[in-house]
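Data block for my_file_0.cif (mmCIF, C-alpha atoms):
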data_final
#
loop_
_atom_site.group_PDB
_atom_site.id
_atom_site.type_symbol
_atom_site.label_atom_id
_atom_site.label_comp_id
_atom_site.auth_asym_id
_atom_site.auth_seq_id
_atom_site.Cartn_x
_atom_site.Cartn_y
_atom_site.Cartn_z
ATOM 1 C CA MET V 1 148.449 47.818 238.409
ATOM 2 C CA LEU V 2 146.837 46.023 235.437
ATOM 3 C CA ARG V 3 147.692 48.904 233.109
ATOM 4 C CA ILE V 4 151.314 48.848 234.249
ATOM 5 C CA ILE V 5 151.527 45.101 233.698
ATOM 6 C CA PHE V 6 149.898 45.388 230.259
ATOM 7 C CA VAL V 7 152.280 48.144 229.135
ATOM 8 C CA GLY V 8 155.265 46.241 230.560
ATOM 9 C CA VAL V 9 154.289 43.053 228.728
ATOM 10 C CA LEU V 10 153.852 45.052 225.526
ATOM 11 C CA ALA V 11 157.351 46.458 226.028
ATOM 12 C CA SER V 12 158.751 42.947 226.428
ATOM 13 C CA LEU V 13 157.099 42.001 223.126
ATOM 14 C CA PHE V 14 159.067 44.712 221.329
ATOM 15 C CA PHE V 15 162.228 43.965 223.322
ATOM 16 C CA SER V 16 162.063 40.354 222.115
ATOM 17 C CA SER V 17 162.677 41.581 218.549
ATOM 18 C CA THR V 18 166.332 41.892 219.537
ATOM 19 C CA PHE V 19 166.731 38.180 220.213
ATOM 20 C CA VAL V 20 164.620 36.974 217.301
ATOM 21 C CA LEU V 21 165.997 39.244 214.582
ATOM 22 C CA ASN V 22 169.602 38.789 215.714
ATOM 23 C CA ARG V 23 169.097 35.054 215.218
ATOM 24 C CA VAL V 24 167.428 35.615 211.854
ATOM 25 C CA MET V 25 170.317 37.797 210.649
ATOM 26 C CA SER V 26 172.823 35.212 211.855
ATOM 27 C CA LEU V 27 171.113 32.371 209.989
ATOM 28 C CA GLU V 28 170.952 34.534 206.867
ATOM 29 C CA GLY V 29 174.727 34.962 206.945
ATOM 30 C CA GLY V 30 174.870 38.461 208.416
ATOM 31 C CA HIS V 31 177.996 39.109 210.466
ATOM 32 C CA TRP V 32 177.323 39.624 214.169
ATOM 33 C CA VAL V 33 179.461 42.782 214.302
ATOM 34 C CA TRP V 34 177.151 44.514 211.817
ATOM 35 C CA SER V 35 174.067 43.225 213.634
ATOM 36 C CA ALA V 36 175.392 44.827 216.813
ATOM 37 C CA SER V 37 177.001 48.048 215.579
ATOM 38 C CA LEU V 38 174.378 49.053 213.012
ATOM 39 C CA ARG V 39 171.726 49.092 215.715
ATOM 40 C CA TYR V 40 173.607 51.830 217.549
ATOM 41 C CA PHE V 41 174.372 53.791 214.395
ATOM 42 C CA TRP V 42 170.632 53.777 213.724
ATOM 43 C CA MET V 43 169.929 54.656 217.344
ATOM 44 C CA LEU V 44 172.166 57.715 217.108
ATOM 45 C CA GLY V 45 170.065 59.031 214.233
ATOM 46 C CA PHE V 46 166.729 58.147 215.811
ATOM 47 C CA LEU V 47 167.667 59.794 219.123
ATOM 48 C CA GLY V 48 168.773 62.959 217.355
ATOM 49 C CA VAL V 49 165.534 63.143 215.376
ATOM 50 C CA TRP V 50 163.487 62.449 218.515
ATOM 51 C CA LEU V 51 165.136 65.307 220.408
ATOM 52 C CA VAL V 52 164.513 67.715 217.526
ATOM 53 C CA VAL V 53 160.898 66.622 216.968
ATOM 54 C CA THR V 54 160.081 66.954 220.669
ATOM 55 C CA GLY V 55 161.588 70.424 220.809
ATOM 56 C CA ARG V 56 164.607 69.394 222.869
ATOM 57 C CA GLY V 57 167.264 69.996 220.254
ATOM 58 C CA LYS V 58 169.038 72.494 222.519
ATOM 59 C CA LEU V 59 169.186 69.860 225.260
ATOM 60 C CA GLY V 60 170.746 67.458 222.766
ATOM 61 C CA ILE V 61 173.450 70.017 221.946
ATOM 62 C CA GLN V 62 174.105 70.436 225.657
ATOM 63 C CA ALA V 63 174.469 66.644 225.915
ATOM 64 C CA LEU V 64 177.237 66.806 223.304
ATOM 65 C CA GLY V 65 179.004 69.355 225.501
ATOM 66 C CA VAL V 66 178.725 67.029 228.502
ATOM 67 C CA PHE V 67 180.111 64.206 226.370
ATOM 68 C CA ARG V 68 183.146 66.276 225.353
ATOM 69 C CA ARG V 69 183.800 67.404 228.930
ATOM 70 C CA TYR V 70 183.641 63.888 230.392
ATOM 71 C CA PHE V 71 184.862 62.067 227.303
ATOM 72 C CA LEU V 72 186.765 59.253 229.046
ATOM 73 C CA PHE V 73 183.915 58.523 231.450
ATOM 74 C CA TRP V 74 181.341 58.193 228.667
ATOM 75 C CA ILE V 75 183.696 56.042 226.598
ATOM 76 C CA LEU V 76 184.026 53.667 229.556
ATOM 77 C CA ALA V 77 180.335 53.634 230.495
ATOM 78 C CA GLY V 78 179.136 53.400 226.890
ATOM 79 C CA SER V 79 181.688 50.779 225.856
ATOM 80 C CA VAL V 80 180.779 48.496 228.765
ATOM 81 C CA GLY V 81 177.075 49.234 229.276
ATOM 82 C CA PHE V 82 176.107 49.341 225.595
ATOM 83 C CA GLY V 83 179.090 48.045 223.612
ATOM 84 C CA VAL V 84 180.311 44.958 225.478
ATOM 85 C CA PHE V 85 176.755 44.100 226.509
ATOM 86 C CA TYR V 86 175.239 44.127 223.032
ATOM 87 C CA ALA V 87 178.275 42.798 221.162
ATOM 88 C CA LEU V 88 178.216 39.669 223.332
ATOM 89 C CA ILE V 89 174.423 39.294 223.079
ATOM 90 C CA THR V 90 174.678 39.453 219.291
ATOM 91 C CA PHE V 91 177.710 37.149 219.147
ATOM 92 C CA SER V 92 175.819 34.512 221.143
ATOM 93 C CA SER V 93 172.995 34.526 218.563
ATOM 94 C CA VAL V 94 175.388 32.853 216.131
ATOM 95 C CA TYR V 95 175.430 29.769 218.330
ATOM 96 C CA SER V 96 172.062 29.667 220.147
ATOM 97 C CA PRO V 97 168.386 30.258 219.284
ATOM 98 C CA GLY V 98 166.953 33.600 220.312
ATOM 99 C CA TRP V 99 164.731 32.144 223.038
ATOM 100 C CA VAL V 100 167.763 30.455 224.655
ATOM 101 C CA VAL V 101 169.661 33.767 224.572
ATOM 102 C CA ALA V 102 166.610 35.555 226.018
ATOM 103 C CA ALA V 103 166.324 33.018 228.846
ATOM 104 C CA THR V 104 170.039 33.214 229.614
ATOM 105 C CA TRP V 105 169.835 37.008 229.552
ATOM 106 C CA GLN V 106 167.522 36.912 232.573
ATOM 107 C CA THR V 107 170.676 36.285 234.633
ATOM 108 C CA THR V 108 171.116 40.054 234.563
ATOM 109 C CA ILE V 109 168.753 39.945 237.563
ATOM 110 C CA LEU V 110 171.329 37.682 239.205
ATOM 111 C CA ALA V 111 174.215 39.937 238.177
ATOM 112 C CA THR V 112 172.690 43.233 239.291
ATOM 113 C CA PRO V 113 172.911 42.594 243.074
ATOM 114 C CA PHE V 114 176.594 41.733 242.755
ATOM 115 C CA VAL V 115 177.246 44.856 240.694
ATOM 116 C CA LEU V 116 175.476 46.926 243.346
ATOM 117 C CA LEU V 117 177.513 45.252 246.081
ATOM 118 C CA GLY V 118 180.646 46.112 244.127
ATOM 119 C CA PHE V 119 179.642 49.773 244.271
ATOM 120 C CA GLY V 120 179.055 49.514 248.030
ATOM 121 C CA ARG V 121 175.254 49.382 247.827
ATOM 122 C CA LYS V 122 173.088 47.272 250.148
ATOM 123 C CA VAL V 123 171.198 44.353 248.633
ATOM 124 C CA PRO V 124 168.573 42.191 250.442
ATOM 125 C CA LEU V 125 170.023 38.746 251.115
ATOM 126 C CA LYS V 126 166.686 37.124 250.196
ATOM 127 C CA ALA V 127 166.885 38.742 246.774
ATOM 128 C CA VAL V 128 170.387 37.343 246.243
ATOM 129 C CA ALA V 129 169.228 33.868 247.302
ATOM 130 C CA LEU V 130 166.321 33.939 244.854
ATOM 131 C CA THR V 131 168.665 34.682 241.971
ATOM 132 C CA LEU V 132 169.866 31.093 242.378
ATOM 133 C CA VAL V 133 166.410 29.931 241.245
ATOM 134 C CA ILE V 134 166.799 32.022 238.111
ATOM 135 C CA PHE V 135 170.284 30.642 237.526
ATOM 136 C CA ILE V 136 169.098 27.029 237.866
ATOM 137 C CA GLY V 137 166.378 27.742 235.301
ATOM 138 C CA VAL V 138 168.949 29.182 232.895
ATOM 139 C CA VAL V 139 171.172 26.137 233.395
ATOM 140 C CA LEU V 140 168.270 23.800 232.526
ATOM 141 C CA VAL V 141 167.539 25.761 229.346
ATOM 142 C CA ASN V 142 171.168 25.495 228.266
ATOM 143 C CA ILE V 143 171.385 21.808 229.165
ATOM 144 C CA GLU V 144 168.548 21.199 226.717
ATOM 145 C CA GLN V 145 170.357 23.324 224.145
ATOM 146 C CA ALA V 146 173.458 21.160 224.682
ATOM 147 C CA SER V 147 171.415 18.085 223.804
ATOM 148 C CA THR V 148 170.763 19.466 220.307
ATOM 149 C CA ALA V 149 174.108 21.228 219.756
ATOM 150 C CA ASN V 150 177.730 20.409 220.567
ATOM 151 C CA LEU V 151 179.270 21.588 223.839
ATOM 152 C CA THR V 152 181.408 24.265 222.197
ATOM 153 C CA ASP V 153 178.422 25.922 220.523
ATOM 154 C CA THR V 154 176.425 25.740 223.750
ATOM 155 C CA LEU V 155 179.196 27.439 225.713
ATOM 156 C CA LEU V 156 179.723 30.087 223.021
ATOM 157 C CA GLY V 157 175.991 30.740 223.118
ATOM 158 C CA ALA V 158 175.731 30.971 226.907
ATOM 159 C CA LEU V 159 178.973 32.350 228.356
ATOM 160 C CA PRO V 160 178.986 35.628 226.372
ATOM 161 C CA VAL V 161 175.426 36.320 227.586
ATOM 162 C CA LEU V 162 176.487 35.728 231.184
ATOM 163 C CA VAL V 163 179.270 38.306 230.790
ATOM 164 C CA ALA V 164 176.819 40.696 229.076
ATOM 165 C CA ALA V 165 174.463 40.283 232.040
ATOM 166 C CA PHE V 166 177.131 41.906 234.230
ATOM 167 C CA ALA V 167 178.281 44.497 231.684
ATOM 168 C CA TYR V 168 174.840 46.063 231.221
ATOM 169 C CA PRO V 169 174.074 46.877 234.891
ATOM 170 C CA PHE V 170 177.707 47.883 235.453
ATOM 171 C CA GLY V 171 177.582 50.513 232.711
ATOM 172 C CA ASN V 172 174.216 51.811 233.881
ATOM 173 C CA GLN V 173 175.343 51.923 237.516
ATOM 174 C CA LEU V 174 178.371 54.000 236.501
ATOM 175 C CA VAL V 175 175.959 56.592 235.112
ATOM 176 C CA TRP V 176 173.799 56.431 238.252
ATOM 177 C CA GLU V 177 176.853 56.955 240.466
ATOM 178 C CA ALA V 178 177.990 59.941 238.366
ATOM 179 C CA ARG V 179 174.526 61.431 238.623
ATOM 180 C CA HIS V 180 173.872 60.886 242.331
ATOM 181 C CA THR V 181 177.149 60.493 244.233
ATOM 182 C CA LYS V 182 180.703 61.730 244.486
ATOM 183 C CA ARG V 183 183.379 59.083 244.155
ATOM 184 C CA ARG V 184 187.109 59.302 243.710
ATOM 185 C CA PHE V 185 187.304 57.654 240.305
ATOM 186 C CA ILE V 186 183.865 58.634 238.977
ATOM 187 C CA PRO V 187 183.117 62.243 237.959
ATOM 188 C CA SER V 188 180.144 63.989 239.532
ATOM 189 C CA ILE V 189 177.952 65.097 236.628
ATOM 190 C CA THR V 190 175.095 67.339 237.774
ATOM 191 C CA HIS V 191 174.165 68.881 234.417
ATOM 192 C CA PRO V 192 170.380 68.899 233.656
ATOM 193 C CA VAL V 193 170.901 66.513 230.700
ATOM 194 C CA MET V 194 171.494 63.773 233.283
ATOM 195 C CA ASP V 195 167.831 64.072 234.284
ATOM 196 C CA ASP V 196 166.653 63.325 230.742
ATOM 197 C CA ALA V 197 166.409 59.603 229.869
ATOM 198 C CA VAL V 198 166.826 60.184 226.123
ATOM 199 C CA CYS V 199 169.962 62.264 226.674
ATOM 200 C CA ARG V 200 171.456 59.598 228.912
ATOM 201 C CA VAL V 201 170.861 56.991 226.211
ATOM 202 C CA LEU V 202 172.378 59.370 223.658
ATOM 203 C CA LEU V 203 175.492 59.839 225.802
ATOM 204 C CA LEU V 204 175.921 56.083 226.285
ATOM 205 C CA THR V 205 175.383 55.496 222.563
ATOM 206 C CA LEU V 206 178.058 58.062 221.691
ATOM 207 C CA GLY V 207 180.372 56.439 224.224
ATOM 208 C CA SER V 208 179.956 53.040 222.557
ATOM 209 C CA LEU V 209 180.946 54.250 219.056
ATOM 210 C CA PRO V 210 184.747 53.835 219.462
ATOM 211 C CA LEU V 211 184.243 50.194 220.462
ATOM 212 C CA TRP V 212 182.117 49.537 217.374
ATOM 213 C CA GLY V 213 184.788 51.127 215.206
ATOM 214 C CA ILE V 214 187.499 48.944 216.764
ATOM 215 C CA LEU V 215 185.410 45.771 216.345
ATOM 216 C CA ILE V 216 184.752 46.555 212.674
ATOM 217 C CA LEU V 217 188.476 47.180 212.040
ATOM 218 C CA VAL V 218 189.582 44.050 213.906
ATOM 219 C CA THR V 219 187.024 41.609 212.471
ATOM 220 C CA THR V 220 186.870 43.193 208.977
ATOM 221 C CA PRO V 221 183.397 41.741 208.302
ATOM 222 C CA PRO V 222 182.035 41.653 204.744
ATOM 223 C CA PRO V 223 179.667 44.524 203.907
ATOM 224 C CA PRO V 224 176.173 44.098 205.387
ATOM 225 C CA SER V 225 173.343 43.148 203.067
ATOM 226 C CA GLY V 226 170.357 45.395 202.485
ATOM 227 C CA GLY V 227 168.269 42.979 204.543
ATOM 228 C CA GLN V 228 170.635 43.204 207.509
ATOM 229 C CA ILE V 229 170.645 47.006 207.363
ATOM 230 C CA LEU V 230 166.833 47.008 207.363
ATOM 231 C CA GLN V 231 166.560 44.461 210.158
ATOM 232 C CA THR V 232 168.964 46.359 212.414
ATOM 233 C CA ALA V 233 166.835 49.455 211.826
ATOM 234 C CA ILE V 234 163.760 47.470 212.896
ATOM 235 C CA VAL V 235 165.567 46.326 216.050
ATOM 236 C CA ALA V 236 166.621 49.916 216.774
ATOM 237 C CA VAL V 237 163.021 51.147 216.412
ATOM 238 C CA CYS V 238 161.291 48.233 218.171
ATOM 239 C CA SER V 239 163.741 47.668 221.012
ATOM 240 C CA GLY V 240 165.580 50.970 221.284
ATOM 241 C CA VAL V 241 162.659 53.363 220.770
ATOM 242 C CA ILE V 242 159.252 51.677 221.226
ATOM 243 C CA ALA V 243 160.123 49.090 223.892
ATOM 244 C CA THR V 244 162.283 51.470 225.909
ATOM 245 C CA SER V 245 159.590 54.175 225.807
ATOM 246 C CA LEU V 246 156.856 51.749 226.880
ATOM 247 C CA PHE V 247 158.961 50.275 229.666
ATOM 248 C CA LEU V 248 159.958 53.692 231.014
ATOM 249 C CA TYR V 249 156.301 54.746 230.855
ATOM 250 C CA ALA V 250 155.292 51.679 232.883
ATOM 251 C CA ARG V 251 157.985 52.322 235.499
ATOM 252 C CA HIS V 252 157.215 56.037 235.748
ATOM 253 C CA SER V 253 153.505 55.248 236.158
ATOM 254 C CA ALA V 254 154.212 53.118 239.218
ATOM 255 C CA GLN V 255 152.968 54.647 242.462
ATOM 256 C CA SER V 256 154.481 52.054 244.800
ATOM 257 C CA THR V 257 157.425 49.678 244.993
ATOM 258 C CA ALA V 258 155.042 46.784 244.327
ATOM 259 C CA GLU V 259 153.920 48.365 241.052
ATOM 260 C CA LEU V 260 157.532 49.152 240.167
ATOM 261 C CA ALA V 261 158.484 45.537 240.784
ATOM 262 C CA ALA V 262 155.532 44.391 238.659
ATOM 263 C CA ALA V 263 156.772 46.512 235.767
ATOM 264 C CA ASP V 264 160.261 45.014 236.021
ATOM 265 C CA CYS V 265 158.906 41.502 236.300
ATOM 266 C CA THR V 266 157.005 41.744 233.006
ATOM 267 C CA GLN V 267 160.327 41.601 231.165
ATOM 268 C CA SER V 268 160.504 37.876 231.832
ATOM 269 C CA MET V 269 157.946 37.589 229.018
ATOM 270 C CA GLU V 270 160.784 38.262 226.568
ATOM 271 C CA VAL V 271 161.534 34.536 226.718
ATOM 272 C CA VAL V 272 157.999 33.547 225.709
ATOM 273 C CA PHE V 273 157.772 36.155 222.939
ATOM 274 C CA SER V 274 161.194 35.197 221.590
ATOM 275 C CA LEU V 275 160.127 31.556 221.511
ATOM 276 C CA ALA V 276 156.898 32.441 219.675
ATOM 277 C CA GLY V 277 158.713 34.764 217.266
ATOM 278 C CA GLU V 278 161.203 32.101 216.269
ATOM 279 C CA ALA V 279 158.429 29.553 215.831
ATOM 280 C CA VAL V 280 156.672 31.919 213.387
ATOM 281 C CA LEU V 281 159.688 33.287 211.507
ATOM 282 C CA LEU V 282 162.018 30.290 211.580
ATOM 283 C CA GLY V 283 159.693 27.348 212.155
ATOM 284 C CA HIS V 284 161.561 26.220 215.253
ATOM 285 C CA VAL V 285 159.946 23.522 217.344
ATOM 286 C CA ALA V 286 158.975 24.156 220.947
ATOM 287 C CA PRO V 287 161.476 23.299 223.696
ATOM 288 C CA GLY V 288 161.265 19.948 225.443
ATOM 289 C CA THR V 289 160.440 19.189 229.058
ATOM 290 C CA LEU V 290 163.819 20.385 230.328
ATOM 291 C CA GLY V 291 163.565 23.638 228.390
ATOM 292 C CA TRP V 292 160.052 24.398 229.597
ATOM 293 C CA SER V 293 161.103 23.579 233.167
ATOM 294 C CA GLY V 294 163.996 25.997 232.852
ATOM 295 C CA ILE V 295 161.740 28.744 231.501
ATOM 296 C CA ALA V 296 159.240 28.162 234.315
ATOM 297 C CA LEU V 297 161.957 28.299 236.986
ATOM 298 C CA THR V 298 163.456 31.436 235.485
ATOM 299 C CA MET V 299 160.118 33.253 235.401
ATOM 300 C CA THR V 300 159.188 32.031 238.897
ATOM 301 C CA GLY V 301 162.504 33.246 240.250
ATOM 302 C CA LEU V 302 161.994 36.644 238.618
ATOM 303 C CA ILE V 303 158.510 36.997 240.109
ATOM 304 C CA LEU V 304 159.692 36.024 243.610
ATOM 305 C CA TYR V 305 162.708 38.308 243.292
ATOM 306 C CA MET V 306 160.545 41.285 242.403
ATOM 307 C CA LYS V 307 158.185 40.511 245.307
ATOM 308 C CA VAL V 308 161.106 40.552 247.726
ATOM 309 C CA GLN V 309 162.288 43.824 246.234
ATOM 310 C CA SER V 310 158.836 45.392 246.503
ATOM 311 C CA ALA V 311 158.626 44.356 250.163
ATOM 312 C CA LYS V 312 161.613 46.503 251.117
#

What's the structure tokens form of this structure?
Amino acid sequence: MLRIIFVGVLASLFFSSTFVLNRVMSLEGGHWVWSASLRYFWMLGFLGVWLVVTGRGKLGIQALGVFRRYFLFWILAGSVGFGVFYALITFSSVYSPGWVVAATWQTTILATPFVLLGFGRKVPLKAVALTLVIFIGVVLVNIEQASTANLTDTLLGALPVLVAAFAYPFGNQLVWEARHTKRRFIPSITHPVMDDAVCRVLLLTLGSLPLWGILILVTTPPPPSGGQILQTAIVAVCSGVIATSLFLYARHSAQSTAELAAADCTQSMEVVFSLAGEAVLLGHVAPGTLGWSGIALTMTGLILYMKVQSAK
């Protein structure tokens, strides 16, 4: 259990780079569209190299075939689960500090049960009730943010993250449904590439590319600086490669639902690491009483939620 928790916390450390560096790039004048899209352009290259280096290049080619065969499905799943999710997360960094975005992002735990219900899945009522604790914590964090920023900026920093919190599990659940069930409007994809986590990420990344192209054409952002290109590469490596690998390792090492829940719960540490990262890189002061109370409630709600889930 301790090893799983340690690895999960380490993963959350690398995941927090997303929130911190997105804020850094925003304050340096980097356009949010480049901060979002460049990460996935980098990810496409890193995933391809990873498959070749690990001797799974043939599997990667097969994944491209699956993408072509189910083109519309992957465009939908990738655009929502990766595109809409990350575009909104990055957009919010223009208006809110990274630690506020990270805290608000924890509402994905609140959103997930409702997404599952929408797909006809059963969700423990206690788990749904505990998400209210998380939501109250997020509200407190954003109330404190509103005391230091105007209402418009606070809303533009919070509301996109709330939408992203639904988009991410929705896109991922679409893939799960395609892999495990047969539904009228969702194709049944039983190809072996669906059993490979890297290939699934590759397929979702490919599916998100049209959305990034549309956003770039619509917003016509100025060219990214060398610093922004480098920082998006760091985010892609830290969050997309290292953090994801560590987190999947922690989850796959779990031998019980309690250990699985413990691994998931460690991701609440993203808030703390984001706060520390901004303090070091940007010199931001610590949150006040309301902010700390919100963080505490959010983390408490996450822990209780995972305990309820592990008790199933």

**Study point:** Non-local contacts of region 151-162 of chain V (6 Å; only C-alpha atoms; under 3 positions in same chain excluded) as a PyMOL selection string
**Key:** chain V and resi 88-89+92+95-96+105+146+165

Name the residues captured by the PyMOL selection byres ((chain V and resi 20) around 8) when it is applied to the shown file; answer as a JSON list (two decimals) with C-alpha atoms, in the coordinates of the input.
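Output contents, as saved in out.json:
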[["chain", "number", "residue", "atom", "x", "y", "z"],
["V", 16, "SER", "CA", 162.06, 40.35, 222.12],
["V", 17, "SER", "CA", 162.68, 41.58, 218.55],
["V", 18, "THR", "CA", 166.33, 41.89, 219.54],
["V", 19, "PHE", "CA", 166.73, 38.18, 220.21],
["V", 21, "LEU", "CA", 166.00, 39.24, 214.58],
["V", 22, "ASN", "CA", 169.60, 38.79, 215.71],
["V", 23, "ARG", "CA", 169.10, 35.05, 215.22],
["V", 24, "VAL", "CA", 167.43, 35.62, 211.85],
["V", 97, "PRO", "CA", 168.39, 30.26, 219.28],
["V", 98, "GLY", "CA", 166.95, 33.60, 220.31],
["V", 99, "TRP", "CA", 164.73, 32.14, 223.04],
["V", 274, "SER", "CA", 161.19, 35.20, 221.59],
["V", 277, "GLY", "CA", 158.71, 34.76, 217.27],
["V", 278, "GLU", "CA", 161.20, 32.10, 216.27]]

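Distances to Ser268 (chain V) were evaluated for V:Ile295, V:Val241, V:Ala178, V:Val141 using all atoms listed in the file, and the minimum falls at V:Ile295.
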
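Distances to Thr266 (chain V) were evaluated for V:Ser208, V:Ser93, V:Ser239, V:Thr300 using all atoms listed in the file, and the minimum falls at V:Thr300.
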
Test item: residues at most 12 Å from Ser293 (chain V), all atoms listed in the file, excluding those fewer than 6 positions along its chain, as a tab-separated table (two decimals) with C-alpha atoms, in the frame of the given file:
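Dumped to around_28.tsv:
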chain	number	residue	atom	x	y	z
V	103	ALA	CA	166.32	33.02	228.85
V	133	VAL	CA	166.41	29.93	241.24
V	134	ILE	CA	166.80	32.02	238.11
V	136	ILE	CA	169.10	27.03	237.87
V	137	GLY	CA	166.38	27.74	235.30
V	138	VAL	CA	168.95	29.18	232.90
V	139	VAL	CA	171.17	26.14	233.40
V	140	LEU	CA	168.27	23.80	232.53
V	141	VAL	CA	167.54	25.76	229.35
V	142	ASN	CA	171.17	25.50	228.27
V	143	ILE	CA	171.38	21.81	229.16
V	144	GLU	CA	168.55	21.20	226.72
V	287	PRO	CA	161.48	23.30	223.70
V	299	MET	CA	160.12	33.25	235.40
V	300	THR	CA	159.19	32.03	238.90

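For the choices V:Gly118, V:Val280, V:Phe247, V:Phe82, the atom-to-atom distance to Met43 (chain V) is smallest for V:Phe82 when using only C-alpha atoms.
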
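Comparing the minimum interatomic distances between Ser35 (chain V) and each of V:Cys199, V:Val100, V:Leu206, V:Val94, counting only C-alpha atoms, we find that V:Val94 sits nearest.
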
**Study point:** Non-local contacts of Arg3 (chain V) (9 Å; all atoms listed in the file; under 4 positions in same chain excluded) as a PyMOL selection string
**Key:** chain V and resi 7-8+250

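Remark: for Gly81 (chain V), the closest of the candidate residues V:Trp292, V:Tyr168, V:Phe119, V:Phe14 is V:Tyr168 (distances computed over only C-alpha atoms).
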
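Nearest residue to Phe170 (chain V), choosing from V:Gly30, V:Pro113, V:Gly48, V:Gly240 and counting all atoms listed in the file: V:Pro113.
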
How close does each residue of region 29-64 of chain V get to region 68-79 of chain V, giving the shortest atom pair and distance in Å to one decimal for every residue with an atom at most 12 Å away, counting all atoms listed in the file, sorted by chain and residue number, as JSON lines?
{"residue": "V:Ser37", "atom": "CA", "partner": "V:Ser79", "partner_atom": "CA", "distance": 11.6}
{"residue": "V:Tyr40", "atom": "CA", "partner": "V:Gly78", "partner_atom": "CA", "distance": 11.0}
{"residue": "V:Ile61", "atom": "CA", "partner": "V:Arg68", "partner_atom": "CA", "distance": 10.9}
{"residue": "V:Gln62", "atom": "CA", "partner": "V:Arg68", "partner_atom": "CA", "distance": 10.0}
{"residue": "V:Ala63", "atom": "CA", "partner": "V:Arg68", "partner_atom": "CA", "distance": 8.7}
{"residue": "V:Leu64", "atom": "CA", "partner": "V:Arg68", "partner_atom": "CA", "distance": 6.3}

Exercise for review: Identify the residues within 12 Å of coordinate (166.9, 52.4, 214.1) (same frame as the file), considering all atoms listed in the file, and give the answer as a ChimeraX atom specification.
Suggested key: /V:18,35-50,228-242

Selection from above, C-alpha atoms, as a short mmCIF file (atom, residue, chain, number, x, y, z; two decimals), in the coordinates of the input, can you write it?
data_model
loop_
_atom_site.label_atom_id
_atom_site.label_comp_id
_atom_site.auth_asym_id
_atom_site.auth_seq_id
_atom_site.Cartn_x
_atom_site.Cartn_y
_atom_site.Cartn_z
CA THR V 18 166.33 41.89 219.54
CA SER V 35 174.07 43.22 213.63
CA ALA V 36 175.39 44.83 216.81
CA SER V 37 177.00 48.05 215.58
CA LEU V 38 174.38 49.05 213.01
CA ARG V 39 171.73 49.09 215.72
CA TYR V 40 173.61 51.83 217.55
CA PHE V 41 174.37 53.79 214.40
CA TRP V 42 170.63 53.78 213.72
CA MET V 43 169.93 54.66 217.34
CA LEU V 44 172.17 57.72 217.11
CA GLY V 45 170.06 59.03 214.23
CA PHE V 46 166.73 58.15 215.81
CA LEU V 47 167.67 59.79 219.12
CA GLY V 48 168.77 62.96 217.36
CA VAL V 49 165.53 63.14 215.38
CA TRP V 50 163.49 62.45 218.52
CA GLN V 228 170.64 43.20 207.51
CA ILE V 229 170.64 47.01 207.36
CA LEU V 230 166.83 47.01 207.36
CA GLN V 231 166.56 44.46 210.16
CA THR V 232 168.96 46.36 212.41
CA ALA V 233 166.84 49.46 211.83
CA ILE V 234 163.76 47.47 212.90
CA VAL V 235 165.57 46.33 216.05
CA ALA V 236 166.62 49.92 216.77
CA VAL V 237 163.02 51.15 216.41
CA CYS V 238 161.29 48.23 218.17
CA SER V 239 163.74 47.67 221.01
CA GLY V 240 165.58 50.97 221.28
CA VAL V 241 162.66 53.36 220.77
CA ILE V 242 159.25 51.68 221.23
#

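CA of Leu297 (chain V) is positioned 12.0 Å from CA of Val271 (chain V).
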
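The gap separating CA of Trp32 (chain V) from CA of Ala87 (chain V) is 7.7 Å, in Å to one decimal.
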
Point to revise | Interatomic distance, CA of Leu59 (chain V) to CA of Tyr249 (chain V) (Å, one decimal) | key: 20.6 Å
